[in-house]
file final-v8.txt (compact mmCIF, C-alpha atoms)
# COMPACT_ATOMS: atom_id res chain seq x y z
CA MET A 8 88.97 101.12 107.89
CA ARG A 9 90.96 97.88 108.15
CA LYS A 10 90.94 95.52 105.21
CA THR A 11 90.97 91.73 105.47
CA LEU A 12 91.82 90.24 102.10
CA PRO A 13 89.71 87.24 100.96
CA LEU A 14 91.47 83.92 100.66
CA LEU A 15 91.55 84.09 96.89
CA VAL A 16 92.95 87.61 96.78
CA LEU A 17 96.67 87.13 97.32
CA LEU A 18 99.45 89.63 97.75
CA LEU A 19 102.18 88.43 95.42
CA THR A 20 105.60 89.57 94.33
CA ALA A 21 106.35 89.88 90.63
CA ALA A 22 108.24 86.59 90.75
CA GLN A 23 105.25 84.82 92.31
CA ALA A 24 102.52 86.38 90.20
CA GLN A 25 102.80 84.02 87.25
CA THR A 26 99.00 83.75 87.06
CA GLY A 27 98.71 87.54 87.15
CA VAL A 28 100.81 90.53 86.24
CA GLY A 29 104.38 91.51 86.99
CA VAL A 30 105.41 94.97 88.16
CA SER A 31 108.70 96.81 87.72
CA PRO A 32 110.12 98.37 89.79
CA PRO A 33 108.58 96.95 93.00
CA ARG A 34 109.19 100.22 94.86
CA ALA A 35 110.41 103.79 94.38
CA LEU A 36 111.67 106.50 96.72
CA TYR A 37 111.66 110.21 95.88
CA PRO A 38 112.86 113.34 97.69
CA ALA A 39 110.43 116.26 97.61
CA ALA A 40 109.84 119.69 99.09
CA PRO A 41 106.48 120.93 100.45
CA GLY A 42 104.28 122.37 97.71
CA THR A 43 105.98 120.51 94.85
CA SER A 44 104.87 117.66 92.59
CA LEU A 45 106.65 114.66 91.12
CA THR A 46 105.88 111.92 88.63
CA GLY A 47 106.80 108.29 88.38
CA SER A 48 106.04 105.31 86.16
CA ILE A 49 105.46 101.59 86.58
CA LEU A 50 105.75 98.91 83.92
CA VAL A 51 103.01 96.29 84.27
CA ASP A 52 103.46 93.13 82.18
CA HIS A 53 101.57 89.92 81.45
CA PRO A 54 104.18 87.13 81.67
CA GLY A 55 101.77 84.38 80.60
CA ARG A 56 101.49 82.92 77.12
CA SER A 57 97.72 82.78 76.95
CA GLY A 58 94.63 84.59 78.18
CA THR A 59 93.84 88.30 78.33
CA LEU A 60 93.93 89.90 81.79
CA GLN A 61 91.69 92.67 83.09
CA VAL A 62 93.84 94.88 85.36
CA GLU A 63 92.53 97.43 87.85
CA VAL A 64 94.44 99.86 90.08
CA VAL A 65 93.71 99.81 93.82
CA LEU A 66 95.35 102.30 96.18
CA GLN A 67 95.96 101.23 99.77
CA ASP A 68 97.86 102.26 102.86
CA VAL A 69 99.97 99.85 104.88
CA LEU A 70 101.31 99.75 108.43
CA LEU A 71 103.47 97.16 110.18
CA GLN A 72 101.92 95.02 112.90
CA ALA A 73 103.88 93.98 115.97
CA ASP A 74 104.85 90.63 114.40
CA GLY A 75 106.20 92.43 111.33
CA LYS A 76 103.33 91.45 109.03
CA PRO A 77 101.67 94.19 106.94
CA LEU A 78 98.26 95.60 107.78
CA TYR A 79 96.47 96.99 104.71
CA LEU A 80 94.20 99.99 105.18
CA ASP A 81 92.00 102.33 103.18
CA PRO A 82 93.68 105.41 101.66
CA GLY A 83 94.23 108.23 104.13
CA SER A 84 94.10 105.95 107.18
CA HIS A 85 97.18 107.31 108.97
CA PRO A 86 99.07 110.64 109.17
CA ARG A 87 101.89 109.49 106.87
CA SER A 88 99.56 108.27 104.11
CA LEU A 89 100.81 109.13 100.62
CA THR A 90 97.67 107.89 98.87
CA ARG A 91 95.90 111.17 99.69
CA TRP A 92 98.35 112.92 97.35
CA LEU A 93 98.53 110.24 94.65
CA ALA A 94 96.87 110.25 91.20
CA VAL A 95 97.31 107.25 88.87
CA SER A 96 96.55 106.79 85.16
CA PRO A 97 95.20 104.60 83.68
CA LEU A 98 93.09 103.06 86.44
CA ALA A 99 92.02 100.02 84.38
CA PHE A 100 93.25 98.31 81.23
CA LEU A 101 93.49 95.00 79.38
CA LEU A 102 96.76 93.11 78.93
CA GLN A 103 97.37 90.59 76.18
CA PRO A 104 99.85 87.72 76.79
CA GLN A 105 103.49 88.87 76.72
CA ALA A 106 102.35 92.52 76.54
CA ALA A 107 103.14 95.44 78.87
CA GLN A 108 101.46 98.68 79.92
CA GLU A 109 103.11 101.79 81.33
CA VAL A 110 101.20 103.29 84.26
CA ARG A 111 102.09 106.79 85.40
CA TYR A 112 101.42 108.52 88.67
CA THR A 113 101.70 112.02 90.09
CA VAL A 114 102.31 112.97 93.71
CA GLN A 115 101.25 116.46 94.79
CA VAL A 116 102.89 117.35 98.10
CA PRO A 117 100.85 119.90 100.12
CA PRO A 118 102.57 123.18 101.04
CA ASP A 119 102.10 122.43 104.76
CA ALA A 120 103.49 118.87 104.65
CA GLN A 121 105.70 118.14 107.66
CA PRO A 122 109.20 116.65 107.20
CA GLY A 123 109.39 112.87 107.07
CA THR A 124 108.69 109.82 104.94
CA TYR A 125 105.21 109.27 103.47
CA TRP A 126 104.22 106.04 101.72
CA GLY A 127 101.44 104.15 99.95
CA ILE A 128 100.90 101.16 97.67
CA VAL A 129 99.68 101.08 94.08
CA PHE A 130 98.18 97.60 93.76
CA PHE A 131 97.45 96.02 90.39
CA GLU A 132 94.58 93.58 90.73
CA SER A 133 94.22 91.20 87.80
CA ALA A 134 91.77 88.52 86.69
CA PRO A 135 90.98 86.78 83.40
CA ALA A 136 89.10 89.19 81.16
CA GLY A 137 85.38 88.46 80.93
CA SER A 138 85.25 86.44 84.18
CA ARG A 139 82.39 87.04 86.57
CA GLN A 140 82.14 87.08 90.33
CA GLY A 141 79.18 85.39 91.97
CA GLY A 142 76.36 84.53 89.57
CA GLU A 143 74.07 82.41 91.75
CA GLY A 144 76.97 80.28 92.95
CA LEU A 145 78.15 79.49 89.41
CA GLY A 146 81.76 80.58 89.13
CA ILE A 147 84.39 82.38 91.16
CA ARG A 148 86.51 85.25 89.97
CA VAL A 149 90.06 84.52 91.11
CA LYS A 150 92.13 87.68 91.45
CA THR A 151 95.78 88.24 92.20
CA ARG A 152 97.49 91.38 93.43
CA VAL A 153 100.99 92.71 93.04
CA GLY A 154 102.06 96.10 94.35
CA HIS A 155 104.39 99.02 93.75
CA VAL A 156 105.29 100.87 96.97
CA VAL A 157 105.86 104.62 96.67
CA TYR A 158 107.92 106.42 99.33
CA VAL A 159 108.30 110.20 99.34
CA GLU A 160 110.70 111.90 101.72
CA VAL A 161 109.64 115.46 102.42
CA GLY A 162 112.34 117.83 103.63
CA GLN A 163 114.98 116.66 106.07
CA VAL A 164 114.20 113.28 107.64
CA SER A 165 115.80 111.72 110.71
CA ARG A 166 116.79 108.06 110.79
CA SER A 167 117.16 106.31 114.12
CA GLY A 168 115.97 103.22 115.93
CA ARG A 169 116.60 100.86 118.78
CA ILE A 170 116.42 97.17 119.59
CA GLN A 171 113.97 96.66 122.43
CA GLY A 172 114.31 92.94 123.09
CA PHE A 173 114.46 89.39 121.79
CA ARG A 174 112.41 86.21 121.82
CA TYR A 175 112.93 82.67 120.57
CA LEU A 176 110.53 80.99 118.16
CA PRO A 177 110.81 77.19 117.79
CA PRO A 178 110.57 75.54 114.35
CA SER A 179 107.08 75.14 112.89
CA ARG A 180 105.32 74.51 109.61
CA GLU A 181 105.85 78.18 108.80
CA GLY A 182 109.63 78.04 109.04
CA PRO A 183 112.78 77.15 110.95
CA ALA A 184 113.68 78.13 114.49
CA GLN A 185 114.49 81.80 114.80
CA VAL A 186 115.42 84.61 117.10
CA ARG A 187 113.06 87.56 116.70
CA LEU A 188 114.21 91.10 117.44
CA SER A 189 111.74 93.71 118.63
CA PHE A 190 112.71 96.92 116.84
CA GLN A 191 111.40 100.47 117.18
CA ASN A 192 111.85 103.04 114.41
CA THR A 193 112.27 106.23 116.44
CA GLY A 194 112.94 108.58 113.49
CA THR A 195 110.82 110.22 110.81
CA GLY A 196 112.36 108.34 107.89
CA LEU A 197 112.13 104.92 106.30
CA LEU A 198 114.83 102.45 107.36
CA ARG A 199 116.00 99.49 105.33
CA LEU A 200 117.50 97.15 107.90
CA LYS A 201 119.75 94.13 107.65
CA GLY A 202 122.16 92.65 110.14
CA ARG A 203 123.33 89.70 112.16
CA VAL A 204 122.59 88.00 115.45
CA GLU A 205 124.88 85.93 117.66
CA VAL A 206 123.66 83.54 120.34
CA ARG A 207 126.02 82.77 123.25
CA ASP A 208 125.83 80.77 126.42
CA LEU A 209 125.84 82.64 129.71
CA GLN A 210 129.64 82.29 129.90
CA GLY A 211 129.94 84.21 126.62
CA ARG A 212 130.84 81.29 124.34
CA PRO A 213 129.38 81.62 120.80
CA LEU A 214 126.83 78.93 119.94
CA ALA A 215 124.97 80.12 116.85
CA GLN A 216 124.82 82.93 114.31
CA ALA A 217 121.95 84.16 112.13
CA GLU A 218 121.38 86.81 109.49
CA VAL A 219 118.58 89.37 109.60
CA PRO A 220 117.33 89.63 105.99
CA GLU A 221 116.75 93.11 104.57
CA THR A 222 113.49 94.51 105.92
CA ALA A 223 111.74 97.87 105.62
CA SER A 224 110.94 99.65 108.88
CA LEU A 225 108.34 102.42 108.70
CA PRO A 226 108.58 105.61 110.78
CA GLY A 227 106.98 105.22 114.21
CA ALA A 228 106.60 101.44 113.88
CA THR A 229 107.52 98.90 116.55
CA HIS A 230 107.78 95.45 115.01
CA GLU A 231 109.74 92.21 114.97
CA LEU A 232 112.62 91.27 112.68
CA PRO A 233 113.33 87.57 112.03
CA ALA A 234 116.77 85.97 112.31
CA PRO A 235 116.38 82.31 111.16
CA LEU A 236 118.68 79.75 112.80
CA ASP A 237 120.31 76.75 111.11
CA LYS A 238 119.07 74.48 113.90
CA PRO A 239 116.90 74.79 117.02
CA LEU A 240 118.41 75.77 120.35
CA PRO A 241 118.27 73.21 123.18
CA PRO A 242 116.49 74.21 126.39
CA GLY A 243 118.38 76.74 128.42
CA ARG A 244 119.13 80.41 128.86
CA TYR A 245 121.18 82.36 126.33
CA LEU A 246 122.72 85.74 125.69
CA VAL A 247 121.81 87.36 122.36
CA LEU A 248 123.83 90.08 120.62
CA ALA A 249 122.52 91.89 117.51
CA VAL A 250 123.89 94.51 115.12
CA LEU A 251 121.72 96.20 112.48
CA ASP A 252 122.90 98.21 109.47
CA TYR A 253 120.57 100.84 107.99
CA GLY A 254 122.92 102.46 105.48
CA SER A 255 124.41 104.97 107.91
CA PRO A 256 128.02 105.13 109.18
CA SER A 257 126.67 104.22 112.61
CA LEU A 258 125.12 100.85 113.48
CA ILE A 259 122.28 99.89 115.80
CA ALA A 260 123.34 97.36 118.44
CA GLY A 261 121.52 95.60 121.23
CA GLU A 262 121.81 92.68 123.61
CA GLY A 263 119.48 90.70 125.80
CA ARG A 264 118.62 87.24 127.06
CA ILE A 265 116.25 84.55 125.90
CA GLU A 266 115.03 81.36 127.52
CA VAL A 267 114.27 78.20 125.56
CA LYS A 268 111.97 75.78 127.36

call {"tool": "encode", "arguments": {"input": "final-v8.txt", "output": "structure tokens"}}
result
Amino acid sequence: MRKTLPLLVLLLTAAQAQTGVGVSPPRALYPAAPGTSLTGSILVDHPGRSGTLQVEVVLQDVLLQADGKPLYLDPGSHPRSLTRWLAVSPLAFLLQPQAAQEVRYTVQVPPDAQPGTYWGIVFFESAPAGSRQGGEGLGIRVKTRVGHVVYVEVGQVSRSGRIQGFRYLPPSREGPAQVRLSFQNTGTGLLRLKGRVEVRDLQGRPLAQAEVPETASLPGATHELPAPLDKPLPPGRYLVLAVLDYGSPSLIAGEGRIEVK
């Protein structure tokens, strides 16, 4: 079942979650064999100087949408869901200001698990202790969320991908002009991508360069990668060249054309 988060329930990074909790580390990756188990730990802290927080654990799956934004799902919603194998303790606790709590988890890999990367998110949902939701319209419980992503690589994984195309996005309130790469993860393993893009005129003369910030690409996903530009491109047709690094000796390269109207 798809989840749409209410406006007041925000997905935050540890740096942003100053009204909630911080989480360290933000993600972890483990190798594992079928039929084995592993354990991990997360340090959850209250960076504020006042107010006790009630913290609850929420497990969710996540997939990447075509525009690169995450889609949060119930546990067990896709074949590579790790949340089916995940047990977390404690599931709820109180945090005093400047205090921290260690949360431990266990992953039990089934004996028949197929090779590849599996993943899930351990969310920590926090709100002021003693607050109430609802109550005949008197009061709103404001919650924040920050997550720890767990990746488990079972057996031998393959890492591969390809650039399928490009499009130009003009500047908007959401950000600067950018070239967006359509990327397909064709392997069974997680990719952490970063790279560069070069825009040329049709005669091959370089006009602009942009960096692709580090982005996670999930197995089987087809999604966009942003490459923000220093300034917008004038109307015209352009050649785009891109090179992506995913931590392998080989690189992923692609080229195509865009039109700016």

call {"tool": "closest_residue", "arguments": {"input": "final-v8.txt", "among": "A:Pro77, A:Val28, A:Pro118, A:Glu266", "to": "Ala223 (chain A)", "atoms": "all atoms listed in the file"}}
result
A:Pro77

call {"tool": "residues_around", "arguments": {"input": "final-v8.txt", "residues": "region 151-166 of chain A", "least_positions_apart": "5", "cutoff": "6 Å", "atoms": "all atoms listed in the file", "output": "PyMOL selection string"}}
result
chain A and resi 16-20+27+33-40+122-133+194-196

call {"tool": "residues_around", "arguments": {"input": "final-v8.txt", "residues": "region 107-110 of chain A", "least_positions_apart": "6", "cutoff": "10 Å", "atoms": "all atoms listed in the file", "output": "count of residues only"}}
result
20

call {"tool": "atom_distance", "arguments": {"input": "final-v8.txt", "atom1": "CA of Val250 (chain A)", "atom2": "CA of Arg174 (chain A)"}}
result
15.7 Å

call {"tool": "atom_distance", "arguments": {"input": "final-v8.txt", "atom1": "CA of Leu60 (chain A)", "atom2": "CA of Tyr112 (chain A)"}}
result
21.2 Å

call {"tool": "atom_distance", "arguments": {"input": "final-v8.txt", "atom1": "CA of Ala260 (chain A)", "atom2": "CA of Asp237 (chain A)"}}
result
22.1 Å

call {"tool": "closest_residue", "arguments": {"input": "final-v8.txt", "among": "A:Gln105, A:Gln115, A:Ser84, A:Gln67", "to": "Thr46 (chain A)", "atoms": "only C-alpha atoms"}}
result
A:Gln115

call {"tool": "decode", "arguments": {"input": "final-v8.txt", "residues": "region 65-77 of chain A", "atoms": "all heavy atoms", "output": "short mmCIF file (atom, residue, chain, number, x, y, z; two decimals), in the first residue's frame"}}
result
data_model
loop_
_atom_site.label_atom_id
_atom_site.label_comp_id
_atom_site.auth_asym_id
_atom_site.auth_seq_id
_atom_site.Cartn_x
_atom_site.Cartn_y
_atom_site.Cartn_z
N VAL A 65 9.30 3.27 13.05
CA VAL A 65 8.40 2.92 11.96
C VAL A 65 9.23 2.33 10.83
O VAL A 65 10.17 2.97 10.35
CB VAL A 65 7.61 4.15 11.44
CG1 VAL A 65 6.71 3.76 10.27
CG2 VAL A 65 6.79 4.77 12.56
N LEU A 66 8.91 1.11 10.41
CA LEU A 66 9.61 0.48 9.30
C LEU A 66 8.86 0.76 8.00
O LEU A 66 7.64 0.63 7.95
CB LEU A 66 9.72 -1.03 9.51
CG LEU A 66 10.48 -1.50 10.75
CD1 LEU A 66 10.53 -3.03 10.77
CD2 LEU A 66 11.87 -0.92 10.80
N GLN A 67 9.61 1.12 6.96
CA GLN A 67 8.99 1.35 5.66
C GLN A 67 9.93 0.91 4.53
O GLN A 67 11.15 0.86 4.70
CB GLN A 67 8.63 2.83 5.47
CG GLN A 67 7.37 3.24 6.22
CD GLN A 67 6.76 4.50 5.65
OE1 GLN A 67 7.31 5.58 5.78
NE2 GLN A 67 5.61 4.36 5.02
N ASP A 68 9.30 0.59 3.41
CA ASP A 68 10.03 0.34 2.18
C ASP A 68 10.09 1.63 1.38
O ASP A 68 9.31 2.57 1.61
CB ASP A 68 9.33 -0.73 1.33
CG ASP A 68 9.53 -2.13 1.90
OD1 ASP A 68 10.46 -2.32 2.70
OD2 ASP A 68 8.76 -3.03 1.53
N VAL A 69 11.00 1.67 0.41
CA VAL A 69 11.11 2.84 -0.46
C VAL A 69 11.53 2.38 -1.85
O VAL A 69 12.34 1.47 -2.00
CB VAL A 69 12.10 3.87 0.11
CG1 VAL A 69 13.50 3.29 0.21
CG2 VAL A 69 12.11 5.15 -0.70
N LEU A 70 10.93 3.00 -2.85
CA LEU A 70 11.33 2.83 -4.25
C LEU A 70 11.58 4.21 -4.83
O LEU A 70 11.14 5.23 -4.27
CB LEU A 70 10.25 2.10 -5.05
CG LEU A 70 9.98 0.65 -4.67
CD1 LEU A 70 8.79 0.10 -5.47
CD2 LEU A 70 11.21 -0.23 -4.90
N LEU A 71 12.26 4.27 -5.97
CA LEU A 71 12.50 5.53 -6.65
C LEU A 71 11.48 5.73 -7.75
O LEU A 71 11.27 4.85 -8.59
CB LEU A 71 13.91 5.57 -7.24
CG LEU A 71 15.07 5.62 -6.25
CD1 LEU A 71 16.39 5.57 -6.99
CD2 LEU A 71 14.99 6.88 -5.39
N GLN A 72 10.85 6.91 -7.77
CA GLN A 72 9.94 7.26 -8.86
C GLN A 72 10.75 7.75 -10.06
O GLN A 72 11.96 7.98 -9.97
CB GLN A 72 8.98 8.34 -8.38
CG GLN A 72 8.14 7.90 -7.18
CD GLN A 72 7.15 8.95 -6.74
OE1 GLN A 72 6.05 9.04 -7.25
NE2 GLN A 72 7.55 9.76 -5.77
N ALA A 73 10.08 7.93 -11.17
CA ALA A 73 10.76 8.30 -12.41
C ALA A 73 11.51 9.63 -12.29
O ALA A 73 12.56 9.82 -12.90
CB ALA A 73 9.75 8.37 -13.56
N ASP A 74 11.00 10.56 -11.48
CA ASP A 74 11.66 11.85 -11.31
C ASP A 74 12.77 11.81 -10.27
O ASP A 74 13.38 12.83 -9.96
CB ASP A 74 10.65 12.95 -10.96
CG ASP A 74 9.90 12.68 -9.66
OD1 ASP A 74 10.20 11.67 -8.99
OD2 ASP A 74 9.00 13.47 -9.32
N GLY A 75 13.03 10.62 -9.71
CA GLY A 75 14.09 10.47 -8.72
C GLY A 75 13.65 10.65 -7.29
O GLY A 75 14.43 10.40 -6.37
N LYS A 76 12.40 11.06 -7.07
CA LYS A 76 11.91 11.25 -5.71
C LYS A 76 11.53 9.91 -5.10
O LYS A 76 11.11 8.99 -5.80
CB LYS A 76 10.71 12.20 -5.71
CG LYS A 76 11.05 13.61 -6.14
CD LYS A 76 9.82 14.51 -6.12
CE LYS A 76 10.17 15.93 -6.55
NZ LYS A 76 8.98 16.82 -6.58
N PRO A 77 11.65 9.77 -3.77
CA PRO A 77 11.32 8.49 -3.13
C PRO A 77 9.82 8.28 -3.01
O PRO A 77 9.04 9.23 -2.86
CB PRO A 77 11.96 8.62 -1.74
CG PRO A 77 11.99 10.10 -1.48
CD PRO A 77 12.21 10.75 -2.82
#
